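Enquirer: Got a structure for you, questions after.
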Amino acid sequence: MKTAYLDYGNAAVGNDGVARVAPRGGWHRVVEGHHPLIDNPEVHCVIGVTKGRLHIAVDAGSDANLQRIFADGPCATVARTALQKAGAVAHGRTIAVSPGEAWPRDYVVLMEDHAISADGEDRGELIVGFSPEMNPYLLEAFTPQIADVMRQHMVPTVSDRSPSTLEGIAASVLPAPRLEPGPASRPGLDNGLVVGGPAWQRFWFGDDSQDVTAPDPTFGFTAALHRFRTRVMNDSGAAQILAEEHGQNWDELTADQQEQMHIPSSAQAHPGLDVAALMLRTRTEDWTWDGVYARVSPHRLAEDLTDLHPTDVSALRWGLVAPKAFTPDRRLSPRSRRSHALAALTTTAAYLAVDHTHFIPESLALDVATTAALSRGNRAALRLPGPWAMVLHEPVPLPAVQADDEELEALLDGQVPGSSYAVLGAVLAAHPDHTLDTTLGLVLLTSVHPERGRQWYLQPALYGDHGAGRLLYSYAAQLAFAKWRKPPKPPVQERGKTGSAKALKRLAKHPDARAGALHRMNLLDYTPPPTEPRFTPDTTSDSGTELEYGTWRRASWTENTRIGIRDEHGNLVGPVYKEGAVEGQTYIRGSVFRPRSRIRPDLPLRPDTRTIYQLRDAALEETETAPAEDDVEWR
């Protein structure tokens with residue numbers, strides 16, 4: 001072994017006076033240790049290597065039988081002694097091995113199965129959780145049988161992969177950011193489709209869609225979701241993979257199989273075919289790159305998701321699903337399988353839009369999310385830039401999106417009720433001729449879970465005149481009619497190993513990368529209309545009483561409006577409305593966005609104005625933040 005791979009800084013001198021040096025990442029001594037994760041009652045053991053020592057952490061709640069996983073010799077001896085000292089007793093749990101990208105690479109965790117399973121059911125298993133890119137020297141701590149099973153799931157090292165381009169960067173280069181697994185969802189609080197309350201359902205699905213659980217295939221949302229699911233299967237290539245590799249035709253599956261995205265096996269012991277995981281794996285490369293970028297990005301997501309930057313699309317897309325969603329799970333219950341299928345469907349749709357992502361500045365987010373309903377003419381003229389498109393912006397509280405004209409006026413005056421729900425954007429689809437596909441849209445929604453804290457997910461919604469439908473049309477109008485600034489060219493790597501994590505980290509700091517160059521992010525380029533001459537207002541209302549306050553009018557799109565033609569310097573080439581204006585030469589006709597405006601700006605707004613961007617929840621602020629992985633130390 002070359003000396004460059006030896007850890008001389010952590011050599012140990014034995015009783016015989018001989019210095020023992022371990023390879024980098026290896027260990028020459030086994031000790032009992034403590035790790036913060038062991039304080040979690042669902043964690044039974046943590047094994048990791050630091051400074052040439054293998055640390056084994058257990059506590060009184062650990063299952064005494066876990067000592068069976070350790071290799072004979074110092075590992076088994078230290079584990080047995082530590083368990084006896086802690087007063088651990090046997091719980092009778094069986095051992096199961098579970099690889100996953102969400103597990104840390106620096107240590108192995110033994111955790112109760114219900115803490116990480118999708119349905120939260122306790123099946124009496126003790127899961128050996130590890131990353132496929134785990135430190136390979138950790139394998140030496142386990143029995144040959146367990147080590148062989150773990151080795152089958154491990155991936156080549158970074159030096160073996162040698163990515164030649166920036167696109168070749170994968171999780172082996174740098175671990176992706178992790179979302180800590182939370183407790184099992186309570187009924188009605190799943191991350192997926194929300195089905196509680198007629199008013200809530202009318203907001204998402206309209207007046208004719210109050211019962212989203214109706215089995216009637218003619219029901220609007222049920223039929224729309226079926227068509228949407230089929231399109232994502234085809235556009236992602238999953239339907240082709242299903243046919244070529246598994247001999248199954250998507251269109252021939254039963255309605256229940258398509259809804260759950262799962263084909264059961266005739267053999268009881270076989271888990272069947274997880275079509276949802278198969279679909280997600282078509283987006284593995286993009287999802288992995290997002291996770292890597294989110295880890296090296298100089299800008300991190302705020303706790304309440306405010307102050308969003310264009311590059312935050314990586315962290316948001318990556319966080320739509322947990323890494324385990326890519327791996328088939330035979331233990332999912334029917335209800336959990338539906339949630340798993342919905343998350344896979346919406347996440348895949350988001351990644352189909354990677355080539356057409358759009359960012360709306362904070363100053364326009366509220367106006368775009370509360371734009372008035374489009375006219376029939378404008379709806380007919382909608383054209384999207386690609387087959388799939390994604391819009392992202394600063395969180396806008398849901399009460400503002402739901403509000404009618406009178407309620408919005410009160411909200412704009414600052415009278416906003418407290419709410420943890422906010423919209424962040426949407427995913428929209430188009431037909432091959434770029435006309436809007438109104439089958440279904442996905443609204444990027446964030447909320448505060450009472451146990452998990454802040455979370456986000458893509459909520460299916462129907463197009464129409466109801467709240468969410470109007471919101472989807474508003475996004476489509478911006479994509480169709482507004483001016484968007486194209487992303488700059490990706491910065492060129494000037495030094496370092498091509499495709500390395502350090503190279504990506506340096507590129508992420510480049511101004512062009514921060515502007516969305518690596519994410520192909522288009523930025524809304526809005527120029528306010530010219531300010532009209534101010535007139536002397538009438539200070540009396542229609543009833544003859546004197547007005548006291550001014551009001552707000554929501555944003556809207558005009559139709560068939562004259563738009564002046566400008567030269568390369570941005571100057572008008574001729575008159576627009578005055579004598580000499582010629583359509584096609586000095587002006588064209590189109591739709592123009594008018595942001596919210598003050599009616600009677602000479603009068604003050606109603607008193608006690610409060611900001612509508614207050615998203616933090618007291619309960620969330622009082623929750624202690626878990627230490628970052630880099631700050632966790634063994635002792």
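Just remember, in the structure tokens the first chain shown is A, the second B, etc., residues are 1-based per chain, and ligands are 1-based in the order shown.
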List the spatial neighbours of region 62-72 of chain A as a CSV table (one decimal) with N, CA, C and O atoms, in the first residue's frame - criterion: any atom at most 7 Å away, only C-alpha atoms, same-chain residues fewer than 3 positions off excluded.

Expert:
chain,number,residue,atom,x,y,z
A,44,HIS,N,-30.8,1.8,17.9
A,44,HIS,CA,-30.3,0.8,18.9
A,44,HIS,C,-28.8,0.8,18.9
A,44,HIS,O,-28.1,0.4,19.9
A,45,CYS,N,-28.1,1.2,17.8
A,45,CYS,CA,-26.7,1.2,17.7
A,45,CYS,C,-26.2,2.0,16.6
A,45,CYS,O,-26.8,2.2,15.5
A,58,VAL,N,-24.1,2.2,22.0
A,58,VAL,CA,-25.3,1.6,22.4
A,58,VAL,C,-25.8,2.3,23.7
A,58,VAL,O,-25.1,3.1,24.3
A,59,ASP,N,-27.1,2.0,24.1
A,59,ASP,CA,-27.6,2.5,25.3
A,59,ASP,C,-28.5,1.4,26.0
A,59,ASP,O,-28.7,0.3,25.4
A,75,CYS,N,-14.5,-6.5,17.9
A,75,CYS,CA,-15.8,-5.9,17.7
A,75,CYS,C,-16.9,-6.5,18.5
A,75,CYS,O,-17.6,-5.8,19.2
A,76,ALA,N,-17.0,-7.8,18.5
A,76,ALA,CA,-18.0,-8.5,19.3
A,76,ALA,C,-17.8,-8.3,20.8
A,76,ALA,O,-18.7,-8.2,21.5
A,79,ALA,N,-18.7,-4.7,21.8
A,79,ALA,CA,-20.2,-4.6,21.7
A,79,ALA,C,-20.9,-5.3,22.9
A,79,ALA,O,-21.8,-4.7,23.5
A,80,ARG,N,-20.5,-6.5,23.2
A,80,ARG,CA,-21.1,-7.2,24.3
A,80,ARG,C,-20.8,-6.5,25.6
A,80,ARG,O,-21.8,-6.4,26.4
A,83,LEU,N,-23.0,-3.4,25.8
A,83,LEU,CA,-24.5,-3.7,26.1
A,83,LEU,C,-24.7,-4.1,27.5
A,83,LEU,O,-25.7,-3.7,28.1
A,88,ALA,N,-28.7,-3.4,28.7
A,88,ALA,CA,-29.6,-3.7,27.6
A,88,ALA,C,-30.1,-5.1,27.7
A,88,ALA,O,-29.4,-6.0,28.2
A,89,VAL,N,-31.3,-5.3,27.2
A,89,VAL,CA,-32.0,-6.7,27.3
A,89,VAL,C,-32.4,-7.0,25.9
A,89,VAL,O,-32.5,-6.2,25.0
A,90,ALA,N,-32.6,-8.3,25.7
A,90,ALA,CA,-33.0,-8.8,24.4
A,90,ALA,C,-34.4,-8.5,24.1
A,90,ALA,O,-35.3,-8.7,24.9
A,91,HIS,N,-34.7,-8.0,22.9
A,91,HIS,CA,-36.0,-7.6,22.5
A,91,HIS,C,-36.6,-8.6,21.5
A,91,HIS,O,-37.8,-8.5,21.1
A,141,ALA,N,-16.2,-4.8,10.4
A,141,ALA,CA,-16.8,-4.9,11.8
A,141,ALA,C,-17.9,-5.9,11.9
A,141,ALA,O,-18.3,-6.3,13.0
A,142,PHE,N,-18.4,-6.4,10.7
A,142,PHE,CA,-19.6,-7.2,10.8
A,142,PHE,C,-19.2,-8.7,10.4
A,142,PHE,O,-18.2,-9.0,9.9
A,143,THR,N,-20.1,-9.6,10.7
A,143,THR,CA,-19.9,-11.0,10.4
A,143,THR,C,-19.8,-11.2,8.9
A,143,THR,O,-20.4,-10.3,8.1
A,146,ILE,N,-23.3,-10.9,7.0
A,146,ILE,CA,-23.9,-9.6,6.9
A,146,ILE,C,-23.0,-8.7,6.0
A,146,ILE,O,-23.5,-7.9,5.1

Enquirer: Leaving out Val391 (chain A) and any residue of its chain fewer than 5 positions from it, which residues lie within 12 Å of it when counting only C-alpha atoms, given as an MDAnalysis selection string?

Expert: chainID A and resid 310 313 317 350 353:361 365 368:369 384:385 423:429 441:444 471:472 474:479 484 521:524

Enquirer: For the residues in the current selection, export N, CA and C atoms as a CSV table (one decimal), in the first residue's frame.

Expert:
chain,number,residue,atom,x,y,z
A,310,PRO,N,-32.9,31.3,-7.7
A,310,PRO,CA,-33.2,30.4,-8.8
A,310,PRO,C,-32.6,29.0,-8.6
A,313,VAL,N,-34.1,25.5,-6.9
A,313,VAL,CA,-34.9,24.5,-7.5
A,313,VAL,C,-34.3,23.1,-7.3
A,317,ARG,N,-36.7,20.3,-5.7
A,317,ARG,CA,-37.0,19.0,-6.5
A,317,ARG,C,-36.4,17.8,-5.8
A,350,ALA,N,-42.1,16.8,-12.4
A,350,ALA,CA,-41.3,17.9,-12.1
A,350,ALA,C,-39.9,17.8,-12.9
A,353,ALA,N,-39.6,18.6,-16.6
A,353,ALA,CA,-39.6,20.1,-16.9
A,353,ALA,C,-38.2,20.7,-16.7
A,354,VAL,N,-37.2,19.9,-16.5
A,354,VAL,CA,-35.8,20.4,-16.2
A,354,VAL,C,-35.3,21.4,-17.3
A,355,ASP,N,-35.8,21.2,-18.5
A,355,ASP,CA,-35.3,22.1,-19.6
A,355,ASP,C,-36.1,23.4,-19.7
A,356,HIS,N,-37.2,23.5,-19.0
A,356,HIS,CA,-38.0,24.7,-19.0
A,356,HIS,C,-38.4,25.1,-17.6
A,357,THR,N,-37.5,25.5,-16.9
A,357,THR,CA,-37.7,26.0,-15.5
A,357,THR,C,-37.7,27.5,-15.5
A,358,HIS,N,-38.6,28.1,-14.8
A,358,HIS,CA,-38.8,29.6,-14.8
A,358,HIS,C,-38.9,30.1,-13.4
A,359,PHE,N,-38.2,31.3,-13.1
A,359,PHE,CA,-38.2,31.9,-11.8
A,359,PHE,C,-38.8,33.2,-11.8
A,360,ILE,N,-39.8,33.5,-10.9
A,360,ILE,CA,-40.4,34.8,-10.8
A,360,ILE,C,-39.9,35.6,-9.6
A,361,PRO,N,-39.4,36.8,-9.8
A,361,PRO,CA,-38.8,37.6,-8.7
A,361,PRO,C,-39.8,37.8,-7.6
A,365,ALA,N,-44.2,37.9,-7.1
A,365,ALA,CA,-44.8,36.6,-6.8
A,365,ALA,C,-46.2,36.7,-6.3
A,368,VAL,N,-48.6,37.5,-9.3
A,368,VAL,CA,-48.8,36.3,-10.2
A,368,VAL,C,-49.7,35.3,-9.6
A,369,ALA,N,-49.5,35.1,-8.3
A,369,ALA,CA,-50.3,34.1,-7.6
A,369,ALA,C,-51.8,34.5,-7.4
A,384,LEU,N,-47.2,27.2,-24.3
A,384,LEU,CA,-46.1,27.0,-23.4
A,384,LEU,C,-44.8,26.8,-24.1
A,385,PRO,N,-43.6,27.0,-23.5
A,385,PRO,CA,-42.4,26.9,-24.2
A,385,PRO,C,-41.9,25.5,-24.5
A,423,VAL,N,-48.0,28.7,-1.5
A,423,VAL,CA,-47.6,28.1,-2.8
A,423,VAL,C,-46.3,28.7,-3.2
A,424,LEU,N,-45.5,27.8,-3.9
A,424,LEU,CA,-44.2,28.1,-4.4
A,424,LEU,C,-44.1,28.1,-5.9
A,425,GLY,N,-45.1,27.7,-6.6
A,425,GLY,CA,-45.0,27.6,-8.1
A,425,GLY,C,-45.9,26.4,-8.5
A,426,ALA,N,-45.5,25.9,-9.7
A,426,ALA,CA,-46.3,24.8,-10.3
A,426,ALA,C,-45.6,24.1,-11.4
A,427,VAL,N,-46.1,22.9,-11.8
A,427,VAL,CA,-45.6,22.2,-13.0
A,427,VAL,C,-46.8,22.1,-13.9
A,428,LEU,N,-46.6,22.5,-15.2
A,428,LEU,CA,-47.6,22.5,-16.2
A,428,LEU,C,-47.2,21.7,-17.4
A,429,ALA,N,-48.2,21.2,-18.1
A,429,ALA,CA,-47.9,20.4,-19.3
A,429,ALA,C,-48.5,21.1,-20.6
A,441,GLY,N,-52.9,20.0,-13.4
A,441,GLY,CA,-51.7,20.7,-13.1
A,441,GLY,C,-51.2,20.4,-11.7
A,442,LEU,N,-50.0,20.7,-11.4
A,442,LEU,CA,-49.4,20.4,-10.1
A,442,LEU,C,-48.9,21.7,-9.4
A,443,VAL,N,-49.5,22.0,-8.3
A,443,VAL,CA,-49.1,23.2,-7.5
A,443,VAL,C,-48.1,22.8,-6.5
A,444,LEU,N,-47.0,23.5,-6.5
A,444,LEU,CA,-45.9,23.3,-5.5
A,444,LEU,C,-46.4,24.0,-4.2
A,471,LEU,N,-55.1,29.9,-10.5
A,471,LEU,CA,-53.7,30.0,-10.2
A,471,LEU,C,-52.9,29.3,-11.4
A,472,LEU,N,-53.3,28.1,-11.8
A,472,LEU,CA,-52.6,27.4,-12.9
A,472,LEU,C,-52.7,28.2,-14.2
A,474,SER,N,-52.9,31.4,-14.4
A,474,SER,CA,-52.0,32.6,-14.2
A,474,SER,C,-50.6,32.2,-14.5
A,475,TYR,N,-50.1,31.1,-14.1
A,475,TYR,CA,-48.8,30.6,-14.4
A,475,TYR,C,-48.6,30.4,-15.9
A,476,ALA,N,-49.6,29.8,-16.5
A,476,ALA,CA,-49.6,29.6,-18.0
A,476,ALA,C,-49.5,30.9,-18.7
A,477,ALA,N,-50.3,31.9,-18.2
A,477,ALA,CA,-50.2,33.2,-18.9
A,477,ALA,C,-48.9,33.8,-18.9
A,478,GLN,N,-48.2,33.7,-17.7
A,478,GLN,CA,-46.8,34.3,-17.6
A,478,GLN,C,-45.9,33.6,-18.6
A,479,LEU,N,-46.0,32.2,-18.7
A,479,LEU,CA,-45.2,31.5,-19.6
A,479,LEU,C,-45.5,31.8,-21.1
A,484,TRP,N,-39.2,36.6,-20.9
A,484,TRP,CA,-38.3,35.8,-20.0
A,484,TRP,C,-36.9,36.0,-20.5
A,521,MET,N,-32.3,28.0,-16.0
A,521,MET,CA,-33.4,28.7,-15.4
A,521,MET,C,-33.7,30.0,-16.1
A,522,ASN,N,-34.9,30.2,-16.6
A,522,ASN,CA,-35.3,31.5,-17.2
A,522,ASN,C,-35.9,32.4,-16.1
A,523,LEU,N,-35.5,33.7,-16.2
A,523,LEU,CA,-36.0,34.7,-15.2
A,523,LEU,C,-37.0,35.6,-15.8
A,524,LEU,N,-38.1,35.9,-15.1
A,524,LEU,CA,-39.1,36.8,-15.6
A,524,LEU,C,-38.5,38.2,-15.7

Enquirer: As a list in words, please: every residue in region 30-110 of chain A that DSSP puts in strand (DSSP E).

Expert: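 The residues of region 30-110 of chain A classed as strand (DSSP E) are Val30, Val31, Glu32, Val43, His44, Cys45, Val46, Ile47, Gly48, Val49, Thr50, Arg53, Leu54, His55, Ile56, Ala57, Thr94, Ile95, Ala96, Val97, Ser98, Pro99, Tyr107, Val108, Val109 and Leu110 of chain A.
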
Enquirer: List the neighbours of Ala344 (chain A) out to 9 Å using only C-alpha atoms; skip same-chain residues closer than 5 positions along the sequence, and give me the result as a short mmCIF file (atom, residue, chain, number, x, y, z; two decimals) with all heavy atoms, in the first residue's frame.

Expert:
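Output saved as out_16.cif:
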data_model
loop_
_atom_site.label_atom_id
_atom_site.label_comp_id
_atom_site.auth_asym_id
_atom_site.auth_seq_id
_atom_site.Cartn_x
_atom_site.Cartn_y
_atom_site.Cartn_z
N ALA A 276 -44.07 2.51 -9.71
CA ALA A 276 -43.75 3.87 -9.27
C ALA A 276 -42.25 4.05 -9.12
O ALA A 276 -41.68 5.05 -9.57
CB ALA A 276 -44.46 4.17 -7.95
N ALA A 277 -41.58 3.07 -8.50
CA ALA A 277 -40.12 3.14 -8.37
C ALA A 277 -39.45 3.04 -9.73
O ALA A 277 -38.45 3.71 -9.99
CB ALA A 277 -39.63 2.04 -7.43
N MET A 279 -40.66 4.15 -12.53
CA MET A 279 -40.81 5.46 -13.15
C MET A 279 -39.79 6.45 -12.58
O MET A 279 -39.14 7.19 -13.33
CB MET A 279 -42.23 6.00 -12.92
CG MET A 279 -42.44 7.43 -13.39
SD MET A 279 -44.00 8.13 -12.82
CE MET A 279 -45.13 7.30 -13.93
N LEU A 280 -39.64 6.47 -11.27
CA LEU A 280 -38.70 7.40 -10.65
C LEU A 280 -37.27 7.15 -11.13
O LEU A 280 -36.49 8.10 -11.31
CB LEU A 280 -38.76 7.27 -9.13
CG LEU A 280 -39.74 8.17 -8.38
CD1 LEU A 280 -39.70 7.87 -6.90
CD2 LEU A 280 -39.42 9.65 -8.63
N LEU A 320 -38.58 16.35 -2.93
CA LEU A 320 -39.95 15.91 -3.16
C LEU A 320 -40.16 14.44 -2.76
O LEU A 320 -41.26 14.04 -2.41
CB LEU A 320 -40.32 16.09 -4.64
CG LEU A 320 -40.51 17.54 -5.10
CD1 LEU A 320 -40.69 17.60 -6.61
CD2 LEU A 320 -41.71 18.19 -4.39
N VAL A 321 -39.10 13.64 -2.84
CA VAL A 321 -39.19 12.24 -2.44
C VAL A 321 -37.95 11.88 -1.63
O VAL A 321 -36.90 12.49 -1.78
CB VAL A 321 -39.30 11.29 -3.65
CG1 VAL A 321 -40.62 11.45 -4.36
CG2 VAL A 321 -38.14 11.49 -4.62
N ALA A 325 -37.67 5.97 -2.02
CA ALA A 325 -38.76 5.88 -3.00
C ALA A 325 -38.29 5.24 -4.30
O ALA A 325 -39.11 4.74 -5.07
CB ALA A 325 -39.33 7.26 -3.27
N PHE A 326 -36.97 5.24 -4.55
CA PHE A 326 -36.44 4.65 -5.77
C PHE A 326 -36.29 3.14 -5.66
O PHE A 326 -36.00 2.47 -6.65
CB PHE A 326 -35.06 5.26 -6.09
CG PHE A 326 -35.14 6.69 -6.56
CD1 PHE A 326 -35.33 7.72 -5.66
CD2 PHE A 326 -35.01 7.00 -7.90
CE1 PHE A 326 -35.40 9.05 -6.09
CE2 PHE A 326 -35.08 8.31 -8.34
CZ PHE A 326 -35.27 9.34 -7.43
N SER A 339 -49.94 6.68 -1.80
CA SER A 339 -49.17 7.90 -1.53
C SER A 339 -47.81 7.83 -2.21
O SER A 339 -47.33 8.82 -2.77
CB SER A 339 -49.00 8.08 -0.02
OG SER A 339 -50.25 8.24 0.63
N ALA A 349 -42.90 14.15 -12.98
CA ALA A 349 -43.38 15.25 -13.81
C ALA A 349 -42.53 16.50 -13.63
O ALA A 349 -42.23 17.22 -14.59
CB ALA A 349 -44.84 15.55 -13.47
#

Enquirer: I'd like to know which of A:Gly92, A:Gly33, A:Gly319, A:Pro432 is closest to Leu458 (chain A), using only C-alpha atoms.

Expert: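 Selected residue with least distance to Leu458 (chain A): A:Gly319.
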
Enquirer: Find the residues near Arg589 (chain A): any atom within 8 Å, counting only C-alpha atoms, skip ones fewer than 5 places away on the same chain, and give them as a list in words.

Expert: Asn560, Thr561, Arg562, Ile563 and Glu583 of chain A

Enquirer: Can you pull out every residue from region 254-324 of chain A that DSSP, working from the backbone, puts in alpha helix (DSSP H), and format the result as a PyMOL selection string?

Expert: chain A and resi 255-260+275-281+284-296+313-318

Enquirer: Do a neighbour search on region 107-122 of chain A at 10 Å with only C-alpha atoms, toss out local chain neighbours closer than 6 positions, and write the hits as a PyMOL selection string.

Expert: chain A and resi 37-38+40-50+54-58+62-63+66+93+95-98+128-131+134-135+138-139+180-186+324-325+329+331-337+339-340
